[in-house]
Amino acid sequence: MNILVINCGSSSLKYQLINSDTEAVLAKGLCERIGAEGSVLNHTPAGGDKVVIESPMPNHTQAIQLVIDALTNDAHGVVKSLDEIDAVGHRIVHGGEKFASSVIINEEVLAAIEECNDLAPLHNPANLIGINACKEIMPNVPMVAVFDTAFHQTMPEKAYLYGLPYKYYENYKLRRYGFHGTSHDFVSARAAEILGKKREDCKIIVCHLGNGASISAVDHGKCVDTSMGLTPLEGLIMGTRSGDMDPAIIEFLANKEGLNITEITKILNKESGVYGLSGGISSDFRDLSAAMDEGNALAKATLETYAYRVAKYIGSYVAAMNGVDIIAFTAGIGENDVRVRSMIGQYFNYLGCSINPEKNDVHGKETIISNEGDKVTVMVVPTNEELAIARETVRLV
Ligand code: AMP
């Protein structure tokens, strides 16, 4: 089967066409500036060069039409017609408490996703627009919704409740949900598989360290805790997001800087994290590492603060699971940043493991980076959220 995987944002749309039999990516691409001037589609067929298609995209329906045109184009297409697309898998950010697994999309599901809009006002409405655009262009192709939150729905109450008046949970479902679930699911399963073990027999900590970053504790196959909360702002220090902080900071900053809540929330999401902490050097860890090499003390402090937060979360999840067998690093930083992995590994001695410097010199490749005989296996396991979505789509259709 050929599965079109769609990740739709408010002004962008990422896609991959995956052959589910071979799990090969036939083509992938990105529509940018949908609904604005200068919209552009970057389309890359497997084994071919990137094609840049500049064309007006007044809305997402037009963007999907251009994607289909690119996929079926005589020169740079990879299928003959729309008939060769068997199903569509949509990445949906928030499934609230309604969705603990992926589902086939129907009218009822659409309404239920819409009910979760309040919980992810920046993402869910855009995801829905993507679904509706596909429905318009491909009315007879089955579609599946795969939720970022679903894998974390097994968290127990003690992990998802906040220390807030209970009525807010009752009235608004205000609780911790967690995100990147598709990645945590994929990587924890793959980590166990690489070691020839069953995930159901292991205690696994997955460190998804990308521009957005989160950690999860996967105990005998089930997620029991994760670092993101009601929104993806909680938890680790990220590229531009603050992660955990004293909530009283909001009032403090409002008074000192004369800012309102919306302005402060924007600072916490877009101007904080390693970007803000480093005084604006960059949100990209390659730039921060280069600055540290040049002797920039703030870049060094930023990376140390980042690694320390990750190490503290790992420690808390060891406590939550009363042990750990596997620690897996994934996503842009987790897969590639040798230095940051090694800085985090400095805190692993109490676990009876350490990161081996030679084995750790690896980028984006499945590798065991702890020493043979260590009590805990530390690994790099590249994530593949699109493939996970394609597999879920095939399973359901
Ligand atoms: P992601 O959100 O998973 O795509 O991760 C993106 C982030 O990964 C970038 O912002 C970089 O900070 C980081 N990254 C990507 N490649 C490297 C690399 N070779 N070394 C260090 N960090 C990297």
# chains A, B, ... in the order shown; residues from 1 in each chain; ligands from 1
call {"tool": "residues_near_ligand", "arguments": {"ligand": "ligand 1", "cutoff": "8 Å", "atoms": "only C-alpha atoms and all ligand atoms", "output": "PyMOL selection string"}}
result
chain A and resi 208-213+239+283-287+289+330-338+363
call {"tool": "write_last_selection", "arguments": {"atoms": "N, CA, C and O atoms", "output": "PDB file, in the first residue's frame"}}
result
ATOM      1  N   HIS A 208      13.635  12.219  23.905  1.00  0.00           N
ATOM      2  CA  HIS A 208      13.397  12.799  22.575  1.00  0.00           C
ATOM      3  C   HIS A 208      13.887  14.248  22.642  1.00  0.00           C
ATOM      4  O   HIS A 208      13.197  15.137  23.135  1.00  0.00           O
ATOM      5  N   LEU A 209      15.121  14.464  22.185  1.00  0.00           N
ATOM      6  CA  LEU A 209      15.734  15.783  22.296  1.00  0.00           C
ATOM      7  C   LEU A 209      15.848  16.419  20.916  1.00  0.00           C
ATOM      8  O   LEU A 209      16.812  16.174  20.187  1.00  0.00           O
ATOM      9  N   GLY A 210      14.827  17.157  20.539  1.00  0.00           N
ATOM     10  CA  GLY A 210      14.850  17.885  19.271  1.00  0.00           C
ATOM     11  C   GLY A 210      14.641  19.352  19.596  1.00  0.00           C
ATOM     12  O   GLY A 210      14.863  19.777  20.732  1.00  0.00           O
ATOM     13  N   ASN A 211      14.178  20.116  18.634  1.00  0.00           N
ATOM     14  CA  ASN A 211      13.887  21.516  18.905  1.00  0.00           C
ATOM     15  C   ASN A 211      12.848  21.607  20.021  1.00  0.00           C
ATOM     16  O   ASN A 211      12.977  22.378  20.967  1.00  0.00           O
ATOM     17  N   GLY A 212      11.807  20.776  19.929  1.00  0.00           N
ATOM     18  CA  GLY A 212      10.945  20.501  21.083  1.00  0.00           C
ATOM     19  C   GLY A 212      11.522  19.251  21.733  1.00  0.00           C
ATOM     20  O   GLY A 212      12.049  18.393  21.030  1.00  0.00           O
ATOM     21  N   ALA A 213      11.450  19.155  23.053  1.00  0.00           N
ATOM     22  CA  ALA A 213      12.104  18.003  23.694  1.00  0.00           C
ATOM     23  C   ALA A 213      11.239  17.461  24.824  1.00  0.00           C
ATOM     24  O   ALA A 213      10.597  18.228  25.540  1.00  0.00           O
ATOM     25  N   GLY A 239      14.585  24.290  22.532  1.00  0.00           N
ATOM     26  CA  GLY A 239      15.210  25.259  21.632  1.00  0.00           C
ATOM     27  C   GLY A 239      14.851  26.687  22.045  1.00  0.00           C
ATOM     28  O   GLY A 239      15.724  27.515  22.323  1.00  0.00           O
ATOM     29  N   SER A 283      19.094  28.841  18.769  1.00  0.00           N
ATOM     30  CA  SER A 283      18.357  27.700  19.341  1.00  0.00           C
ATOM     31  C   SER A 283      18.944  26.404  18.808  1.00  0.00           C
ATOM     32  O   SER A 283      18.535  25.327  19.205  1.00  0.00           O
ATOM     33  N   ASP A 284      19.907  26.518  17.895  1.00  0.00           N
ATOM     34  CA  ASP A 284      20.504  25.330  17.281  1.00  0.00           C
ATOM     35  C   ASP A 284      21.739  24.912  18.068  1.00  0.00           C
ATOM     36  O   ASP A 284      22.655  25.716  18.282  1.00  0.00           O
ATOM     37  N   PHE A 285      21.770  23.644  18.476  1.00  0.00           N
ATOM     38  CA  PHE A 285      22.844  23.165  19.346  1.00  0.00           C
ATOM     39  C   PHE A 285      24.199  23.164  18.657  1.00  0.00           C
ATOM     40  O   PHE A 285      25.235  23.202  19.317  1.00  0.00           O
ATOM     41  N   ARG A 286      24.217  23.115  17.321  1.00  0.00           N
ATOM     42  CA  ARG A 286      25.502  23.182  16.620  1.00  0.00           C
ATOM     43  C   ARG A 286      26.150  24.546  16.833  1.00  0.00           C
ATOM     44  O   ARG A 286      27.351  24.647  17.060  1.00  0.00           O
ATOM     45  N   ASP A 287      25.318  25.606  16.799  1.00  0.00           N
ATOM     46  CA  ASP A 287      25.849  26.960  17.008  1.00  0.00           C
ATOM     47  C   ASP A 287      26.311  27.140  18.455  1.00  0.00           C
ATOM     48  O   ASP A 287      27.328  27.785  18.715  1.00  0.00           O
ATOM     49  N   SER A 289      27.372  24.830  20.499  1.00  0.00           N
ATOM     50  CA  SER A 289      28.586  24.058  20.713  1.00  0.00           C
ATOM     51  C   SER A 289      29.792  24.796  20.122  1.00  0.00           C
ATOM     52  O   SER A 289      30.862  24.851  20.739  1.00  0.00           O
ATOM     53  N   THR A 330      17.040  10.137  21.179  1.00  0.00           N
ATOM     54  CA  THR A 330      16.525  10.265  19.820  1.00  0.00           C
ATOM     55  C   THR A 330      16.263  11.729  19.472  1.00  0.00           C
ATOM     56  O   THR A 330      16.426  12.616  20.306  1.00  0.00           O
ATOM     57  N   ALA A 331      15.849  11.977  18.206  1.00  0.00           N
ATOM     58  CA  ALA A 331      15.566  13.303  17.617  1.00  0.00           C
ATOM     59  C   ALA A 331      16.874  14.067  17.365  1.00  0.00           C
ATOM     60  O   ALA A 331      17.954  13.580  17.715  1.00  0.00           O
ATOM     61  N   GLY A 332      16.757  15.249  16.758  1.00  0.00           N
ATOM     62  CA  GLY A 332      17.916  15.983  16.229  1.00  0.00           C
ATOM     63  C   GLY A 332      19.127  16.022  17.157  1.00  0.00           C
ATOM     64  O   GLY A 332      20.244  15.674  16.751  1.00  0.00           O
ATOM     65  N   ILE A 333      18.914  16.424  18.400  1.00  0.00           N
ATOM     66  CA  ILE A 333      20.029  16.540  19.344  1.00  0.00           C
ATOM     67  C   ILE A 333      20.387  15.153  19.898  1.00  0.00           C
ATOM     68  O   ILE A 333      21.562  14.779  19.944  1.00  0.00           O
ATOM     69  N   GLY A 334      19.377  14.405  20.291  1.00  0.00           N
ATOM     70  CA  GLY A 334      19.611  13.072  20.862  1.00  0.00           C
ATOM     71  C   GLY A 334      20.352  12.147  19.904  1.00  0.00           C
ATOM     72  O   GLY A 334      21.174  11.327  20.307  1.00  0.00           O
ATOM     73  N   GLU A 335      20.077  12.291  18.606  1.00  0.00           N
ATOM     74  CA  GLU A 335      20.705  11.406  17.621  1.00  0.00           C
ATOM     75  C   GLU A 335      22.089  11.891  17.201  1.00  0.00           C
ATOM     76  O   GLU A 335      22.926  11.099  16.775  1.00  0.00           O
ATOM     77  N   ASN A 336      22.294  13.217  17.290  1.00  0.00           N
ATOM     78  CA  ASN A 336      23.496  13.787  16.661  1.00  0.00           C
ATOM     79  C   ASN A 336      24.485  14.484  17.574  1.00  0.00           C
ATOM     80  O   ASN A 336      25.642  14.647  17.201  1.00  0.00           O
ATOM     81  N   ASP A 337      24.021  14.958  18.729  1.00  0.00           N
ATOM     82  CA  ASP A 337      24.910  15.815  19.509  1.00  0.00           C
ATOM     83  C   ASP A 337      25.748  14.992  20.496  1.00  0.00           C
ATOM     84  O   ASP A 337      25.318  14.700  21.607  1.00  0.00           O
ATOM     85  N   VAL A 338      26.944  14.661  20.053  1.00  0.00           N
ATOM     86  CA  VAL A 338      27.861  13.817  20.823  1.00  0.00           C
ATOM     87  C   VAL A 338      28.175  14.481  22.169  1.00  0.00           C
ATOM     88  O   VAL A 338      28.160  13.850  23.228  1.00  0.00           O
ATOM     89  N   HIS A 363      26.383   9.584  14.723  1.00  0.00           N
ATOM     90  CA  HIS A 363      25.331  10.513  14.297  1.00  0.00           C
ATOM     91  C   HIS A 363      24.199   9.745  13.628  1.00  0.00           C
ATOM     92  O   HIS A 363      24.423   9.073  12.617  1.00  0.00           O
TER      93      HIS A 363
END
call {"tool": "residues_around", "arguments": {"residues": "stretch 384-386 of chain A", "least_positions_apart": "3", "cutoff": "8 Å", "atoms": "only C-alpha atoms", "output": "list in words"}}
result
Val5, Gln16, Thr182, Ser183, Phe186, Ile389 and Ala390 of chain A
call {"tool": "write_last_selection", "arguments": {"atoms": "C-alpha atoms", "output": "CSV table (one decimal), in the first residue's frame"}}
result
chain,number,residue,atom,x,y,z
A,5,VAL,CA,1.5,10.9,5.7
A,16,GLN,CA,5.7,11.8,2.9
A,182,THR,CA,4.4,8.6,18.3
A,183,SER,CA,8.2,9.0,18.8
A,186,PHE,CA,8.4,4.0,18.2
A,389,ILE,CA,2.1,7.0,11.4
A,390,ALA,CA,2.2,5.0,8.1
call {"tool": "residues_around", "arguments": {"residues": "A:Pro121", "least_positions_apart": "6", "cutoff": "12 Å", "atoms": "only C-alpha atoms", "output": "mmCIF file with N, CA and C atoms, in the first residue's frame"}}
result
data_model
loop_
_atom_site.group_PDB
_atom_site.id
_atom_site.type_symbol
_atom_site.label_atom_id
_atom_site.label_comp_id
_atom_site.auth_asym_id
_atom_site.auth_seq_id
_atom_site.Cartn_x
_atom_site.Cartn_y
_atom_site.Cartn_z
ATOM 1 N N GLY A 9 0.331 22.151 9.597
ATOM 2 C CA GLY A 9 0.365 23.304 10.505
ATOM 3 C C GLY A 9 -0.514 24.411 9.972
ATOM 4 N N SER A 10 -0.518 25.557 10.673
ATOM 5 C CA SER A 10 -1.433 26.623 10.265
ATOM 6 C C SER A 10 -1.039 27.219 8.921
ATOM 7 N N VAL A 93 -2.118 16.688 16.882
ATOM 8 C CA VAL A 93 -1.359 17.004 18.090
ATOM 9 C C VAL A 93 -2.101 16.570 19.354
ATOM 10 N N HIS A 94 -3.363 16.955 19.489
ATOM 11 C CA HIS A 94 -4.024 16.721 20.781
ATOM 12 C C HIS A 94 -5.272 15.853 20.660
ATOM 13 N N ILE A 113 -12.184 15.542 17.712
ATOM 14 C CA ILE A 113 -10.906 16.265 17.604
ATOM 15 C C ILE A 113 -11.159 17.760 17.806
ATOM 16 N N GLU A 114 -12.261 18.224 17.226
ATOM 17 C CA GLU A 114 -12.590 19.647 17.361
ATOM 18 C C GLU A 114 -12.814 20.022 18.831
ATOM 19 N N GLU A 115 -13.379 19.093 19.582
ATOM 20 C CA GLU A 115 -13.594 19.354 21.008
ATOM 21 C C GLU A 115 -12.278 19.512 21.770
ATOM 22 N N ASN A 127 -4.594 21.015 12.108
ATOM 23 C CA ASN A 127 -4.663 19.585 11.771
ATOM 24 C C ASN A 127 -6.006 19.268 11.120
ATOM 25 N N LEU A 128 -7.069 19.859 11.660
ATOM 26 C CA LEU A 128 -8.414 19.617 11.111
ATOM 27 C C LEU A 128 -8.550 20.179 9.699
ATOM 28 N N LEU A 230 0.129 19.841 30.008
ATOM 29 C CA LEU A 230 -1.101 20.259 29.319
ATOM 30 C C LEU A 230 -0.743 20.720 27.910
ATOM 31 N N THR A 231 0.416 21.387 27.825
ATOM 32 C CA THR A 231 0.926 21.873 26.535
ATOM 33 C C THR A 231 2.385 21.425 26.405
#
call {"tool": "atom_distance", "arguments": {"atom1": "atom CA of A:Ala189", "atom2": "atom CA of A:Glu304"}}
result
29.7 Å
call {"tool": "atom_distance", "arguments": {"atom1": "atom CA of A:Glu263", "atom2": "atom CA of A:Asp246"}}
result
17.3 Å
call {"tool": "residues_around", "arguments": {"residues": "stretch 348-361 of chain A", "least_positions_apart": "3", "cutoff": "12 Å", "atoms": "only C-alpha atoms", "output": "PyMOL selection string"}}
result
chain A and resi 307-308+310-312+314-315+318-319+322-329+334-345+364-380
